[in-house]
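Worksheet: the structure to be examined is printed underneath.
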Amino acid sequence: MAARSVWQDVPRVRVRQFAALAGDGLPALAQDILHEIRREFPGLPVVLDESGEPIALIGIRRALEHFVEHLTGGTDGPSIHPEVFQDFGRGEVLQGRSLDSLQAIYRLGVRLAWRRLAEIGQKVEIPTPAMYELVEVGFEYLDGLVAQSVRGYAEAVARQAGERLRLQRKLMELLLTDHREDPADALAERAARIGWQLPSQVAVAVLLRPAREAVAPAVGHDVLLDMESEQPRMVVPEPDAAGRSELLRRATAGWSGAIGPPVPLAEAAKSLHWAETAVRLMERGLLPSGQVMHCTEHTEALVLLPPEELVEDLARRRLAPLTACGPAHGRRLAKTLLAWLETRGGAPEVAARLGVHPQTVRYRLRQIRELWGSDVDDPDRRFELELVLRAQRLRGDLQDF
């Protein structure tokens, strides 16, 4: 407001008359406003203070009192006592409502109050320009009340969100623990506290942060997400539901990680195990990164690569005949042997798979039979040979020549 206003030019005696009449009528005006609010918003809960008086009535009366008290001091803006109006904002959160209805209530209250003040202004002959100025101050005052309610609302939302995250982490901790006893009752109790419906199946994902400050994936409300871990974890309910995979793909764009196989709810720890295994292979460069992959699409790698010591020991024993060959020729023979084991075809089929001449394949197959002898006809030995050679291919040990 300017240093000098129209309201300040009103004779002080009229201002005092105006304030006295307005003050005398405040209790009745507050009651009328509350009555009209209840009529317009019948679902509004009635919350009482310790003395049994409606808290809403107290807030209305205080707001009017603070406004009227400042009329005699000019229109430089009445002070706002925030506690009650912040509580109103917090109450909207607890009742599960948005601030839209509260702001509508405030506007209704201001409209009713202004009608009464306009009547008083006319009675004591307050000039119309001064009353218009008073309206502007009234709406500025309303903005301040709304701002306090917004603050209370935001604080309550943050507190509620923090509590939900804490309870969600507790639920995930219980869910992802490998239990010997059935935790169904405990799971149901913790899930109910955050409104999470227990699914029949889940898949657990482990994520790799693209950056320390990366924004959390925008997963659905029913997906449990723990961003506090060094490697964030995610519990996906009913992972085979229609559209679920596509929604997760969009939500995790820009992230790397792995989603474990779908398992019954009580076996969520098993899905986590495979997701963690896949992420370790991803970090070693043995599985592709740049997206959140599904473990079920990389079963061969997950079965053959983790038991590294066992497979390496088997490889030393089963591929021992190749030690007599040079490194390059040994890899050619190993690759040819794998192609033959996978196709069980003749030289033309193996040659087509390797992209070489059939005669070259025949030559190599003769060498293979000389090196391994009857082992290549034994089903168990053939299985072991194929297993170790597939593992070497997954690790990139069998290169094209």
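Chain lettering (A, B, ...) mirrors the order of the structure tokens, residue numbering begins at 1 for each chain separately, and ligand numbering begins at 1 in order of display.
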
Surrounding residues of stretch 280-283 of chain A excluding itself and chain neighbours under 4 positions, 9 Å, only C-alpha atoms, as a ChimeraX atom specification: /A:256-258,275-276,287-289,301-302,305-306

At a cut-off of 9 Å, using only C-alpha atoms, what residues contact A:Leu99? Leave out same-chain residues fewer than 2 positions from it and give the result as a ChimeraX atom specification. /A:89,92-93,97,101-104,149-150,153

Could you tell me how far atom CA of A:Ile368 sits from atom CA of A:Leu337, in Å to one decimal place? 7.2 Å

Between A:Leu354, A:Leu394, A:Leu322, A:Ile55, which is the closest to A:His298 once you count only C-alpha atoms?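 Result for the nearest residue to A:His298: A:Leu394.
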
Determine, counting only C-alpha atoms, which protein, DNA and RNA residues have an atom within 12 Å of an atom of stretch 243-247 of chain A; residues of the same chain fewer than 2 positions away are not included. Present the result as a list in words. Val202, Ala203, Pro217, Ala218, Val219, Gly220, Asp222, Val223, Val236, Pro237, Glu238, Pro239, Asp240, Ala241, Arg249, Arg250, Ala251, Thr252, Ala253, Ile259, Pro262, Val292, Met293 and His294 of chain A

Could you check which of A:Val110, A:Leu57, A:Leu387, A:Ala188 is closest to A:Val303, using only C-alpha atoms?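 Result for the nearest residue to A:Val303: A:Leu387.
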
For a quick check of understanding, using only C-alpha atoms, which of A:Glu228, A:Asp178, A:Ser5, A:Ala161 has the smallest distance to A:Glu133?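 Among the listed residues, A:Ser5 lies closest to A:Glu133.
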
Just list the residues in stretch 209-375 of chain A DSSP gives helix (DSSP H, G or I) on the backbone, as number ranges by chain. A: 244-251, 265-283, 295-297, 299-304, 308-318, 320-324, 327-343, 347-354, 358-375

Residues near stretch 265-273 of chain A, cut-off 8 Å, only C-alpha atoms, skip fewer than 3 positions along chain, as a PyMOL selection string: chain A and resi 175-178+182-184+198-206+259-262+276-277

Could you give me, as a ChimeraX atom specification, the residues within 9 Å of A:Arg353, counting only C-alpha atoms and dropping anything in the same chain fewer than 5 positions from it? /A:339,343,348

Running DSSP on the backbone, which parts of stretch 210-292 of chain A land in strand (DSSP E or B), as a ChimeraX atom specification? /A:224-226,233-237,256-259,263-264,292

How would the residues just chosen look if you wrote them out with N, CA, C and O atoms as a PDB file, in the first residue's frame?
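Heads up, here's the output in again.pdb:
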ATOM      1  N   LEU A 224       6.733 -50.942  -4.456  1.00  0.00           N
ATOM      2  CA  LEU A 224       7.538 -50.535  -3.301  1.00  0.00           C
ATOM      3  C   LEU A 224       8.939 -50.175  -3.777  1.00  0.00           C
ATOM      4  O   LEU A 224       9.581 -50.953  -4.490  1.00  0.00           O
ATOM      5  N   LEU A 225       9.405 -49.008  -3.378  1.00  0.00           N
ATOM      6  CA  LEU A 225      10.705 -48.525  -3.839  1.00  0.00           C
ATOM      7  C   LEU A 225      11.515 -48.042  -2.649  1.00  0.00           C
ATOM      8  O   LEU A 225      11.047 -47.215  -1.863  1.00  0.00           O
ATOM      9  N   ASP A 226      12.726 -48.554  -2.501  1.00  0.00           N
ATOM     10  CA  ASP A 226      13.636 -48.138  -1.433  1.00  0.00           C
ATOM     11  C   ASP A 226      14.842 -47.458  -2.068  1.00  0.00           C
ATOM     12  O   ASP A 226      15.701 -48.121  -2.647  1.00  0.00           O
ATOM     13  N   ARG A 233      16.289 -50.674  -4.392  1.00  0.00           N
ATOM     14  CA  ARG A 233      15.547 -51.916  -4.630  1.00  0.00           C
ATOM     15  C   ARG A 233      14.074 -51.605  -4.849  1.00  0.00           C
ATOM     16  O   ARG A 233      13.556 -50.611  -4.351  1.00  0.00           O
ATOM     17  N   MET A 234      13.426 -52.486  -5.568  1.00  0.00           N
ATOM     18  CA  MET A 234      12.042 -52.257  -5.957  1.00  0.00           C
ATOM     19  C   MET A 234      11.294 -53.580  -5.900  1.00  0.00           C
ATOM     20  O   MET A 234      11.793 -54.601  -6.376  1.00  0.00           O
ATOM     21  N   VAL A 235      10.112 -53.577  -5.304  1.00  0.00           N
ATOM     22  CA  VAL A 235       9.265 -54.765  -5.241  1.00  0.00           C
ATOM     23  C   VAL A 235       8.056 -54.509  -6.128  1.00  0.00           C
ATOM     24  O   VAL A 235       7.270 -53.590  -5.867  1.00  0.00           O
ATOM     25  N   VAL A 236       7.921 -55.309  -7.174  1.00  0.00           N
ATOM     26  CA  VAL A 236       6.864 -55.123  -8.172  1.00  0.00           C
ATOM     27  C   VAL A 236       5.777 -56.165  -7.934  1.00  0.00           C
ATOM     28  O   VAL A 236       6.019 -57.365  -8.082  1.00  0.00           O
ATOM     29  N   PRO A 237       4.567 -55.747  -7.560  1.00  0.00           N
ATOM     30  CA  PRO A 237       3.484 -56.718  -7.360  1.00  0.00           C
ATOM     31  C   PRO A 237       2.899 -57.172  -8.695  1.00  0.00           C
ATOM     32  O   PRO A 237       2.831 -56.400  -9.652  1.00  0.00           O
ATOM     33  N   SER A 256      19.943 -48.390 -15.021  1.00  0.00           N
ATOM     34  CA  SER A 256      20.377 -49.762 -15.275  1.00  0.00           C
ATOM     35  C   SER A 256      19.986 -50.610 -14.067  1.00  0.00           C
ATOM     36  O   SER A 256      19.794 -50.095 -12.965  1.00  0.00           O
ATOM     37  N   GLY A 257      19.884 -51.899 -14.309  1.00  0.00           N
ATOM     38  CA  GLY A 257      19.557 -52.798 -13.216  1.00  0.00           C
ATOM     39  C   GLY A 257      18.941 -54.070 -13.725  1.00  0.00           C
ATOM     40  O   GLY A 257      18.988 -54.372 -14.920  1.00  0.00           O
ATOM     41  N   ALA A 258      18.375 -54.838 -12.821  1.00  0.00           N
ATOM     42  CA  ALA A 258      17.799 -56.128 -13.187  1.00  0.00           C
ATOM     43  C   ALA A 258      16.569 -56.406 -12.343  1.00  0.00           C
ATOM     44  O   ALA A 258      16.525 -56.064 -11.161  1.00  0.00           O
ATOM     45  N   ILE A 259      15.577 -57.032 -12.984  1.00  0.00           N
ATOM     46  CA  ILE A 259      14.368 -57.468 -12.298  1.00  0.00           C
ATOM     47  C   ILE A 259      14.410 -58.981 -12.179  1.00  0.00           C
ATOM     48  O   ILE A 259      14.531 -59.693 -13.182  1.00  0.00           O
ATOM     49  N   VAL A 263       8.005 -64.608  -8.409  1.00  0.00           N
ATOM     50  CA  VAL A 263       7.971 -65.673  -7.404  1.00  0.00           C
ATOM     51  C   VAL A 263       6.770 -65.438  -6.494  1.00  0.00           C
ATOM     52  O   VAL A 263       6.232 -64.330  -6.431  1.00  0.00           O
ATOM     53  N   PRO A 264       6.323 -66.469  -5.757  1.00  0.00           N
ATOM     54  CA  PRO A 264       5.287 -66.235  -4.752  1.00  0.00           C
ATOM     55  C   PRO A 264       5.748 -65.204  -3.727  1.00  0.00           C
ATOM     56  O   PRO A 264       6.956 -65.068  -3.477  1.00  0.00           O
ATOM     57  N   VAL A 292      16.925 -51.515 -17.479  1.00  0.00           N
ATOM     58  CA  VAL A 292      16.591 -52.490 -16.433  1.00  0.00           C
ATOM     59  C   VAL A 292      16.129 -53.771 -17.125  1.00  0.00           C
ATOM     60  O   VAL A 292      15.054 -53.817 -17.715  1.00  0.00           O
TER      61      VAL A 292
END

Using only C-alpha atoms, which of A:Arg316, A:Arg366, A:Arg159, A:His35 sits nearest A:Ile60?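 The shortest atom-to-atom distance to A:Ile60 comes from A:His35.
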
For A:Ala113, list every protein, DNA or RNA residue within 8 Å, evaluated using only C-alpha atoms, and leave out those in the same chain fewer than 3 positions away; present the list as an MDAnalysis selection string. chainID A and resid 29 33 109:110 116:117

In Å, how far is it from atom CA of A:Ile105 to atom CA of A:Glu69?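 Atom CA of A:Glu69 lies at a distance of 22.6 Å from atom CA of A:Ile105.
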
Neighbour list for A:Ile120 as a PDB file with N, CA, C and O atoms, in the first residue's frame, cut-off 10 Å, only C-alpha atoms, skip fewer than 3 positions in-chain:
ATOM      1  N   GLN A  17     -15.795   4.381  15.205  1.00  0.00           N
ATOM      2  CA  GLN A  17     -17.181   3.911  15.215  1.00  0.00           C
ATOM      3  C   GLN A  17     -17.315   2.613  14.406  1.00  0.00           C
ATOM      4  O   GLN A  17     -17.986   1.666  14.834  1.00  0.00           O
ATOM      5  N   PHE A  18     -16.675   2.621  13.230  1.00  0.00           N
ATOM      6  CA  PHE A  18     -16.712   1.430  12.360  1.00  0.00           C
ATOM      7  C   PHE A  18     -16.123   0.219  13.088  1.00  0.00           C
ATOM      8  O   PHE A  18     -16.718  -0.863  13.120  1.00  0.00           O
ATOM      9  N   ALA A  19     -14.963   0.391  13.695  1.00  0.00           N
ATOM     10  CA  ALA A  19     -14.286  -0.718  14.377  1.00  0.00           C
ATOM     11  C   ALA A  19     -15.098  -1.203  15.570  1.00  0.00           C
ATOM     12  O   ALA A  19     -15.174  -2.412  15.845  1.00  0.00           O
ATOM     13  N   ALA A  20     -15.726  -0.261  16.311  1.00  0.00           N
ATOM     14  CA  ALA A  20     -16.508  -0.664  17.477  1.00  0.00           C
ATOM     15  C   ALA A  20     -17.723  -1.492  17.081  1.00  0.00           C
ATOM     16  O   ALA A  20     -18.000  -2.542  17.687  1.00  0.00           O
ATOM     17  N   LEU A  21     -18.432  -1.035  16.044  1.00  0.00           N
ATOM     18  CA  LEU A  21     -19.606  -1.786  15.592  1.00  0.00           C
ATOM     19  C   LEU A  21     -19.197  -3.158  15.042  1.00  0.00           C
ATOM     20  O   LEU A  21     -19.868  -4.169  15.290  1.00  0.00           O
ATOM     21  N   ALA A  22     -18.112  -3.172  14.261  1.00  0.00           N
ATOM     22  CA  ALA A  22     -17.641  -4.451  13.702  1.00  0.00           C
ATOM     23  C   ALA A  22     -17.224  -5.396  14.816  1.00  0.00           C
ATOM     24  O   ALA A  22     -17.555  -6.591  14.804  1.00  0.00           O
ATOM     25  N   GLY A  25     -20.094  -7.026  16.695  1.00  0.00           N
ATOM     26  CA  GLY A  25     -20.822  -8.048  15.943  1.00  0.00           C
ATOM     27  C   GLY A  25     -20.001  -9.271  15.570  1.00  0.00           C
ATOM     28  O   GLY A  25     -20.515 -10.194  14.894  1.00  0.00           O
ATOM     29  N   TRP A 114     -17.455  -9.499   4.297  1.00  0.00           N
ATOM     30  CA  TRP A 114     -17.480  -8.216   3.596  1.00  0.00           C
ATOM     31  C   TRP A 114     -18.896  -7.644   3.518  1.00  0.00           C
ATOM     32  O   TRP A 114     -19.092  -6.425   3.651  1.00  0.00           O
ATOM     33  N   ARG A 115     -19.889  -8.474   3.353  1.00  0.00           N
ATOM     34  CA  ARG A 115     -21.268  -7.982   3.328  1.00  0.00           C
ATOM     35  C   ARG A 115     -21.598  -7.248   4.635  1.00  0.00           C
ATOM     36  O   ARG A 115     -22.186  -6.160   4.628  1.00  0.00           O
ATOM     37  N   ARG A 116     -21.192  -7.861   5.768  1.00  0.00           N
ATOM     38  CA  ARG A 116     -21.482  -7.248   7.061  1.00  0.00           C
ATOM     39  C   ARG A 116     -20.690  -5.950   7.238  1.00  0.00           C
ATOM     40  O   ARG A 116     -21.237  -4.940   7.716  1.00  0.00           O
ATOM     41  N   LEU A 117     -19.431  -5.971   6.857  1.00  0.00           N
ATOM     42  CA  LEU A 117     -18.610  -4.763   6.994  1.00  0.00           C
ATOM     43  C   LEU A 117     -19.101  -3.658   6.074  1.00  0.00           C
ATOM     44  O   LEU A 117     -19.045  -2.459   6.433  1.00  0.00           O
ATOM     45  N   LYS A 123     -23.451   2.536   7.284  1.00  0.00           N
ATOM     46  CA  LYS A 123     -24.149   3.083   8.447  1.00  0.00           C
ATOM     47  C   LYS A 123     -23.379   4.257   9.055  1.00  0.00           C
ATOM     48  O   LYS A 123     -23.984   5.255   9.508  1.00  0.00           O
ATOM     49  N   VAL A 124     -22.046   4.150   9.100  1.00  0.00           N
ATOM     50  CA  VAL A 124     -21.243   5.231   9.708  1.00  0.00           C
ATOM     51  C   VAL A 124     -20.668   6.168   8.653  1.00  0.00           C
ATOM     52  O   VAL A 124     -19.799   6.990   8.961  1.00  0.00           O
ATOM     53  N   GLU A 125     -21.122   5.992   7.415  1.00  0.00           N
ATOM     54  CA  GLU A 125     -20.785   6.895   6.314  1.00  0.00           C
ATOM     55  C   GLU A 125     -19.280   6.885   5.995  1.00  0.00           C
ATOM     56  O   GLU A 125     -18.638   7.924   5.854  1.00  0.00           O
ATOM     57  N   ILE A 126     -18.712   5.674   5.867  1.00  0.00           N
ATOM     58  CA  ILE A 126     -17.340   5.534   5.359  1.00  0.00           C
ATOM     59  C   ILE A 126     -17.387   5.748   3.854  1.00  0.00           C
ATOM     60  O   ILE A 126     -18.199   5.116   3.168  1.00  0.00           O
TER      61      ILE A 126
END

Find the distance between atom CA of A:Glu309 and atom CA of A:Val376 and write it in Å to one decimal.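 Computed distance, atom CA of A:Glu309 to atom CA of A:Val376, equals 23.7 Å.
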